[in-house]
>>> print(open('coords34.cif').read())   # mmCIF, C-alpha atoms and all ligand atoms
data_work
#
loop_
_atom_site.group_PDB
_atom_site.id
_atom_site.type_symbol
_atom_site.label_atom_id
_atom_site.label_comp_id
_atom_site.auth_asym_id
_atom_site.auth_seq_id
_atom_site.Cartn_x
_atom_site.Cartn_y
_atom_site.Cartn_z
ATOM 1 C CA MET A 135 38.377 43.149 42.442
ATOM 2 C CA PRO A 136 37.344 40.955 39.523
ATOM 3 C CA LYS A 137 40.046 39.030 37.716
ATOM 4 C CA LYS A 138 38.354 39.070 34.357
ATOM 5 C CA LEU A 139 36.839 42.322 33.224
ATOM 6 C CA PRO A 140 34.468 42.811 30.329
ATOM 7 C CA LYS A 141 36.251 43.873 27.189
ATOM 8 C CA LEU A 142 35.628 47.308 25.822
ATOM 9 C CA ALA A 143 34.636 47.157 22.198
ATOM 10 C CA LYS A 144 37.361 49.278 20.725
ATOM 11 C CA PRO A 145 37.753 49.172 16.978
ATOM 12 C CA GLY A 146 41.301 48.520 15.945
ATOM 13 C CA ALA A 147 42.420 47.594 19.447
ATOM 14 C CA GLN A 148 44.421 44.500 20.086
ATOM 15 C CA PRO A 149 42.600 41.863 22.063
ATOM 16 C CA VAL A 150 43.181 42.236 25.759
ATOM 17 C CA TYR A 151 43.202 38.539 26.448
ATOM 18 C CA ARG A 152 46.273 36.774 25.205
ATOM 19 C CA SER A 153 47.515 33.250 25.223
ATOM 20 C CA LYS A 154 50.108 32.494 27.867
ATOM 21 C CA PRO A 155 53.346 32.502 25.821
ATOM 22 C CA LEU A 156 52.404 35.736 24.093
ATOM 23 C CA GLN A 157 51.434 37.335 27.373
ATOM 24 C CA GLU A 158 54.811 36.508 28.852
ATOM 25 C CA HIS A 159 56.462 37.898 25.769
ATOM 26 C CA VAL A 160 54.450 41.105 26.137
ATOM 27 C CA HIS A 161 55.456 41.451 29.759
ATOM 28 C CA ASP A 162 59.098 40.990 28.819
ATOM 29 C CA SER A 163 58.829 43.554 26.062
ATOM 30 C CA TYR A 164 57.493 46.322 28.249
ATOM 31 C CA LYS A 165 59.367 45.546 31.434
ATOM 32 C CA SER A 166 62.935 45.027 30.349
ATOM 33 C CA ARG A 167 64.274 47.871 32.473
ATOM 34 C CA GLY A 168 66.631 45.719 34.480
ATOM 35 C CA LYS A 169 68.459 44.532 31.369
ATOM 36 C CA LEU A 170 69.101 47.942 29.901
ATOM 37 C CA SER A 171 72.591 49.382 29.803
ATOM 38 C CA GLU A 172 73.059 52.974 30.834
ATOM 39 C CA PRO A 173 72.688 55.355 29.272
ATOM 40 C CA THR A 174 70.124 54.140 26.726
ATOM 41 C CA LEU A 175 68.447 56.605 24.382
ATOM 42 C CA CYS A 176 64.975 56.008 22.930
ATOM 43 C CA PRO A 177 65.258 56.787 19.202
ATOM 44 C CA GLN A 178 61.533 57.634 19.029
ATOM 45 C CA CYS A 179 61.000 60.171 21.793
ATOM 46 C CA GLY A 180 64.496 60.975 23.058
ATOM 47 C CA ALA A 181 63.911 59.761 26.613
ATOM 48 C CA VAL A 182 67.065 58.549 28.362
ATOM 49 C CA PHE A 183 67.332 55.533 30.643
ATOM 50 C CA HIS A 184 69.566 56.703 33.472
ATOM 51 C CA LYS A 185 69.919 55.651 37.109
ATOM 52 C CA GLY A 186 67.350 52.908 36.691
ATOM 53 C CA ARG A 187 64.547 54.915 35.126
ATOM 54 C CA TRP A 188 63.503 56.744 31.951
ATOM 55 C CA GLN A 189 64.004 60.485 32.175
ATOM 56 C CA TRP A 190 64.052 63.599 30.010
ATOM 57 C CA LEU A 191 67.748 64.402 29.817
ATOM 58 C CA PRO A 192 70.139 65.927 27.283
ATOM 59 C CA LYS A 193 71.143 63.378 24.652
ATOM 60 C CA PRO A 194 74.063 61.381 26.051
ATOM 61 C CA GLU A 195 77.071 60.556 23.867
ATOM 62 C CA PRO A 196 77.662 57.731 23.391
ATOM 63 C CA ALA A 197 74.421 55.936 24.247
ATOM 64 C CA HIS A 198 72.800 52.600 23.594
ATOM 65 C CA SER A 199 69.660 52.770 21.478
ATOM 66 C CA GLU A 200 66.432 51.053 22.464
ATOM 67 C CA MET A 201 62.788 52.027 22.310
ATOM 68 C CA CYS A 202 61.341 53.036 25.681
ATOM 69 C CA PRO A 203 58.312 51.076 26.966
ATOM 70 C CA ALA A 204 55.910 53.935 26.152
ATOM 71 C CA CYS A 205 57.015 54.159 22.509
ATOM 72 C CA HIS A 206 56.960 50.386 22.353
ATOM 73 C CA ARG A 207 53.321 50.307 23.470
ATOM 74 C CA ILE A 208 52.388 53.101 21.031
ATOM 75 C CA HIS A 209 54.153 51.223 18.237
ATOM 76 C CA ASP A 210 52.260 48.029 19.112
ATOM 77 C CA ASN A 211 48.969 49.847 19.834
ATOM 78 C CA PHE A 212 48.896 48.020 23.169
ATOM 79 C CA PRO A 213 47.602 50.309 25.933
ATOM 80 C CA ALA A 214 48.168 49.711 29.646
ATOM 81 C CA GLY A 215 45.267 51.950 30.670
ATOM 82 C CA TYR A 216 41.728 52.470 29.371
ATOM 83 C CA VAL A 217 39.681 55.404 30.636
ATOM 84 C CA LYS A 218 36.068 55.342 29.534
ATOM 85 C CA LEU A 219 34.015 58.489 30.083
ATOM 86 C CA GLU A 220 30.273 58.508 29.580
ATOM 87 C CA GLY A 221 26.974 60.111 30.518
ATOM 88 C CA GLU A 222 24.907 63.211 29.767
ATOM 89 C CA PHE A 223 27.389 65.497 31.484
ATOM 90 C CA LEU A 224 30.086 64.199 29.161
ATOM 91 C CA ALA A 225 27.963 65.042 26.127
ATOM 92 C CA GLN A 226 27.710 68.671 27.279
ATOM 93 C CA HIS A 227 31.284 69.073 28.536
ATOM 94 C CA ARG A 228 33.295 66.809 26.265
ATOM 95 C CA ALA A 229 35.916 69.417 25.371
ATOM 96 C CA GLU A 230 36.520 70.338 29.033
ATOM 97 C CA LEU A 231 36.958 66.708 30.036
ATOM 98 C CA ILE A 232 39.395 65.992 27.223
ATOM 99 C CA SER A 233 41.277 69.160 28.039
ATOM 100 C CA LEU A 234 41.573 68.013 31.657
ATOM 101 C CA ALA A 235 42.867 64.595 30.550
ATOM 102 C CA ARG A 236 45.477 66.313 28.338
ATOM 103 C CA HIS A 237 46.462 68.587 31.186
ATOM 104 C CA ILE A 238 47.051 65.622 33.506
ATOM 105 C CA GLU A 239 49.093 63.947 30.790
ATOM 106 C CA GLN A 240 51.292 67.030 30.293
ATOM 107 C CA ARG A 241 51.866 67.358 34.013
ATOM 108 C CA GLU A 242 52.778 63.680 34.485
ATOM 109 C CA LYS A 243 54.798 63.350 31.300
ATOM 110 C CA ALA A 244 56.974 66.304 32.231
ATOM 111 C CA GLU A 245 58.332 64.286 35.159
ATOM 112 C CA HIS A 246 57.756 60.747 33.920
ATOM 113 C CA PRO A 247 58.394 60.117 30.201
ATOM 114 C CA LEU A 248 56.448 56.851 30.200
ATOM 115 C CA GLN A 249 53.124 58.495 31.166
ATOM 116 C CA ARG A 250 51.392 59.277 27.878
ATOM 117 C CA ILE A 251 47.983 59.341 26.273
ATOM 118 C CA MET A 252 47.912 57.063 23.236
ATOM 119 C CA ASN A 253 44.500 57.835 21.731
ATOM 120 C CA ILE A 254 41.256 59.635 22.467
ATOM 121 C CA VAL A 255 38.403 57.998 20.589
ATOM 122 C CA ASP A 256 34.701 58.847 20.453
ATOM 123 C CA GLU A 257 32.475 55.801 20.278
ATOM 124 C CA ASP A 258 28.733 55.473 20.814
ATOM 125 C CA GLY A 259 28.464 58.600 22.904
ATOM 126 C CA THR A 260 31.417 57.681 25.117
ATOM 127 C CA VAL A 261 35.008 58.861 25.046
ATOM 128 C CA LEU A 262 37.776 56.303 25.408
ATOM 129 C CA VAL A 263 41.225 57.529 26.438
ATOM 130 C CA THR A 264 44.038 54.988 26.205
ATOM 131 C CA THR A 265 47.352 55.419 28.018
ATOM 132 C CA THR A 266 50.835 53.901 28.013
ATOM 133 C CA ASP A 267 50.866 53.457 31.783
ATOM 134 C CA ILE A 268 48.358 52.369 34.417
ATOM 135 C CA HIS A 269 49.182 55.310 36.719
ATOM 136 C CA LEU A 270 48.195 57.917 34.154
ATOM 137 C CA ALA A 271 44.838 56.211 33.520
ATOM 138 C CA ARG A 272 44.130 56.187 37.240
ATOM 139 C CA GLY A 273 45.297 59.800 37.567
ATOM 140 C CA ILE A 274 42.980 60.974 34.782
ATOM 141 C CA GLY A 275 40.013 59.181 36.343
ATOM 142 C CA GLU A 276 40.701 60.664 39.760
ATOM 143 C CA ALA A 277 41.198 64.166 38.336
ATOM 144 C CA VAL A 278 37.890 63.974 36.457
ATOM 145 C CA ARG A 279 36.048 62.881 39.570
ATOM 146 C CA HIS A 280 37.774 65.540 41.643
ATOM 147 C CA ALA A 281 36.781 68.276 39.180
ATOM 148 C CA TYR A 282 33.304 67.085 38.140
ATOM 149 C CA GLN A 283 32.187 64.519 40.741
ATOM 150 C CA GLY A 284 30.272 61.660 39.096
ATOM 151 C CA HIS A 285 30.794 57.915 39.563
ATOM 152 C CA LEU A 286 34.280 56.427 39.218
ATOM 153 C CA GLU A 287 35.326 52.787 39.065
ATOM 154 C CA ILE A 288 38.919 51.607 38.764
ATOM 155 C CA HIS A 289 39.724 47.977 38.002
ATOM 156 C CA TYR A 290 43.327 46.874 38.073
ATOM 157 C CA ASN A 291 44.387 43.564 36.611
ATOM 158 C CA PRO A 292 47.862 42.757 37.975
ATOM 159 C CA GLU A 293 48.317 39.683 35.765
ATOM 160 C CA GLU A 294 48.131 41.786 32.635
ATOM 161 C CA ASN A 295 49.399 45.019 34.195
ATOM 162 C CA LEU A 296 46.246 46.632 32.882
ATOM 163 C CA VAL A 297 43.878 49.162 34.403
ATOM 164 C CA ARG A 298 40.344 49.984 33.307
ATOM 165 C CA VAL A 299 38.824 53.207 34.561
ATOM 166 C CA HIS A 300 35.157 53.977 34.091
ATOM 167 C CA TRP A 301 33.668 57.382 34.873
ATOM 168 C CA LYS A 302 30.042 58.283 34.448
ATOM 169 C CA ARG A 303 28.013 61.390 35.083
HETATM 170 ZN ZN ZN B 401 60.386 56.542 23.668
#
>>> encode(input="coords34.cif", output="structure tokens")
Amino acid sequence: MPKKLPKLAKPGAQPVYRSKPLQEHVHDSYKSRGKLSEPTLCPQCGAVFHKGRWQWLPKPEPAHSEMCPACHRIHDNFPAGYVKLEGEFLAQHRAELISLARHIEQREKAEHPLQRIMNIVDEDGTVLVTTTDIHLARGIGEAVRHAYQGHLEIHYNPEENLVRVHWKR
């Protein structure tokens, strides 16, 4: 598993490589679960931090207020997962593939509030799906391969908590 992966040219995306202090800051920002008081309510999406994880629950009263990691990543436009789809099959079945990705998101998000698609962008004949969590990116890639075969590569970078999924058919 390579440590350094080629960057995807994504217009408007934040650079994946970051200097050390900023990287540590980023990690702190998105992984502050242990410090949260309970219950904490995300003012953006309404998810509730309860029993050590973010869940969809009725709004607790009173509650602390802090943005959940998924909303934080969306706010910062800083994905954890990149799923790149390409090939001739994609060109003919784009809508089906995107619909499948959305379906996986809905299924995962229903149980796990932090699993969300951030953007779906067409670029140079490919489709790039960005996600708030590495598990959703992996799940979308595996679902696409399961449904349509093709070639799937998954590269996980533990230092940056980043996953890049590449599917081609
Ligand atoms: Zn939220």
>>> resolve_selection(input="coords34.cif", expression="the PyMOL selection byres (((chain A and resi 217) around 6) and not hetatm)", output="list in words")
Tyr216, Lys218, Leu262, Val263, Ala271, Val299 and His300 of chain A
>>> closest_residue(input="coords34.cif", among="A:Pro247, A:Gly221, A:Gly215, A:Gly186", to="ligand ZN 401 (chain B)", atoms="only C-alpha atoms and all ligand atoms")
A:Pro247
>>> closest_residue(input="coords34.cif", among="A:Tyr282, A:Tyr290, A:Trp301, A:Trp190", to="ligand ZN 401 (chain B)", atoms="only C-alpha atoms and all ligand atoms")
A:Trp190
>>> residues_near_ligand(input="coords34.cif", ligand="ligand ZN 401 (chain B)", cutoff="12 Å", atoms="all atoms listed in the file", output="ChimeraX atom specification")
/A:164,174-183,188-190,199-209,243,246-250,266
>>> resolve_selection(input="coords34.cif", expression="the PyMOL selection byres (((chain A and resi 288) around 6) and not hetatm)", output="count of residues only")
4
>>> axis_aligned_box(input="coords34.cif", around="stretch 194-199 of chain A", padding_each_side="6 Å", output="AutoDock Vina command-line options")
--center_x 73.7 --center_y 57.0 --center_z 23.8 --size_x 20.0 --size_y 20.8 --size_z 16.6
>>> closest_residue(input="coords34.cif", among="A:His198, A:Arg303, A:Ala281, A:Lys193", to="A:Glu230", atoms="all atoms listed in the file")
A:Ala281
>>> closest_residue(input="coords34.cif", among="A:Pro173, A:Ala235, A:Arg228, A:Thr260", to="A:Arg272", atoms="all atoms listed in the file")
A:Ala235
>>> closest_residue(input="coords34.cif", among="A:Ala214, A:Ala225, A:Ala197, A:Ile274", to="A:Val297", atoms="only C-alpha atoms")
A:Ala214
>>> closest_residue(input="coords34.cif", among="A:Thr264, A:Asn291, A:Leu191, A:Val278", to="A:Ser233", atoms="all atoms listed in the file")
A:Val278
>>> atom_distance(input="coords34.cif", atom1="atom CA of A:Arg241", atom2="atom CA of A:His269")
12.6 Å
>>> atom_distance(input="coords34.cif", atom1="atom CA of A:Ala229", atom2="atom CA of A:Val261")
10.6 Å
>>> atom_distance(input="coords34.cif", atom1="atom CA of A:Lys302", atom2="atom CA of A:Gly273")
15.6 Å
>>> build_atoms(input="coords34.cif", residues="stretch 216-232 of chain A", atoms="N, CA and C atoms", output="PDB file, in the frame of the given file")
ATOM      1  N   TYR A 216      42.919  52.071  30.134  1.00  0.00           N
ATOM      2  CA  TYR A 216      41.728  52.470  29.371  1.00  0.00           C
ATOM      3  C   TYR A 216      40.862  53.320  30.288  1.00  0.00           C
ATOM      4  N   VAL A 217      40.571  54.535  29.865  1.00  0.00           N
ATOM      5  CA  VAL A 217      39.681  55.404  30.636  1.00  0.00           C
ATOM      6  C   VAL A 217      38.450  55.669  29.793  1.00  0.00           C
ATOM      7  N   LYS A 218      37.307  55.159  30.276  1.00  0.00           N
ATOM      8  CA  LYS A 218      36.068  55.342  29.534  1.00  0.00           C
ATOM      9  C   LYS A 218      35.220  56.383  30.260  1.00  0.00           C
ATOM     10  N   LEU A 219      34.846  57.419  29.527  1.00  0.00           N
ATOM     11  CA  LEU A 219      34.015  58.489  30.083  1.00  0.00           C
ATOM     12  C   LEU A 219      32.652  58.421  29.408  1.00  0.00           C
ATOM     13  N   GLU A 220      31.588  58.524  30.210  1.00  0.00           N
ATOM     14  CA  GLU A 220      30.273  58.508  29.580  1.00  0.00           C
ATOM     15  C   GLU A 220      29.237  59.234  30.424  1.00  0.00           C
ATOM     16  N   GLY A 221      28.089  59.480  29.824  1.00  0.00           N
ATOM     17  CA  GLY A 221      26.974  60.111  30.518  1.00  0.00           C
ATOM     18  C   GLY A 221      26.555  61.421  29.867  1.00  0.00           C
ATOM     19  N   GLU A 222      25.441  61.971  30.339  1.00  0.00           N
ATOM     20  CA  GLU A 222      24.907  63.211  29.767  1.00  0.00           C
ATOM     21  C   GLU A 222      25.843  64.384  30.000  1.00  0.00           C
ATOM     22  N   PHE A 223      26.457  64.408  31.172  1.00  0.00           N
ATOM     23  CA  PHE A 223      27.389  65.497  31.484  1.00  0.00           C
ATOM     24  C   PHE A 223      28.535  65.491  30.481  1.00  0.00           C
ATOM     25  N   LEU A 224      29.012  64.315  30.146  1.00  0.00           N
ATOM     26  CA  LEU A 224      30.086  64.199  29.161  1.00  0.00           C
ATOM     27  C   LEU A 224      29.665  64.833  27.842  1.00  0.00           C
ATOM     28  N   ALA A 225      28.433  64.535  27.412  1.00  0.00           N
ATOM     29  CA  ALA A 225      27.963  65.042  26.127  1.00  0.00           C
ATOM     30  C   ALA A 225      28.017  66.565  26.089  1.00  0.00           C
ATOM     31  N   GLN A 226      27.750  67.203  27.238  1.00  0.00           N
ATOM     32  CA  GLN A 226      27.710  68.671  27.279  1.00  0.00           C
ATOM     33  C   GLN A 226      29.083  69.290  27.554  1.00  0.00           C
ATOM     34  N   HIS A 227      29.996  68.506  28.101  1.00  0.00           N
ATOM     35  CA  HIS A 227      31.284  69.073  28.536  1.00  0.00           C
ATOM     36  C   HIS A 227      32.466  68.280  27.991  1.00  0.00           C
ATOM     37  N   ARG A 228      32.271  67.682  26.832  1.00  0.00           N
ATOM     38  CA  ARG A 228      33.295  66.809  26.265  1.00  0.00           C
ATOM     39  C   ARG A 228      34.649  67.507  26.162  1.00  0.00           C
ATOM     40  N   ALA A 229      34.649  68.712  25.600  1.00  0.00           N
ATOM     41  CA  ALA A 229      35.916  69.417  25.371  1.00  0.00           C
ATOM     42  C   ALA A 229      36.651  69.684  26.692  1.00  0.00           C
ATOM     43  N   GLU A 230      35.899  70.059  27.728  1.00  0.00           N
ATOM     44  CA  GLU A 230      36.520  70.338  29.033  1.00  0.00           C
ATOM     45  C   GLU A 230      37.162  69.077  29.607  1.00  0.00           C
ATOM     46  N   LEU A 231      36.447  67.959  29.473  1.00  0.00           N
ATOM     47  CA  LEU A 231      36.958  66.708  30.036  1.00  0.00           C
ATOM     48  C   LEU A 231      38.219  66.256  29.307  1.00  0.00           C
ATOM     49  N   ILE A 232      38.218  66.393  27.991  1.00  0.00           N
ATOM     50  CA  ILE A 232      39.395  65.992  27.223  1.00  0.00           C
ATOM     51  C   ILE A 232      40.559  66.921  27.535  1.00  0.00           C
TER      52      ILE A 232
END
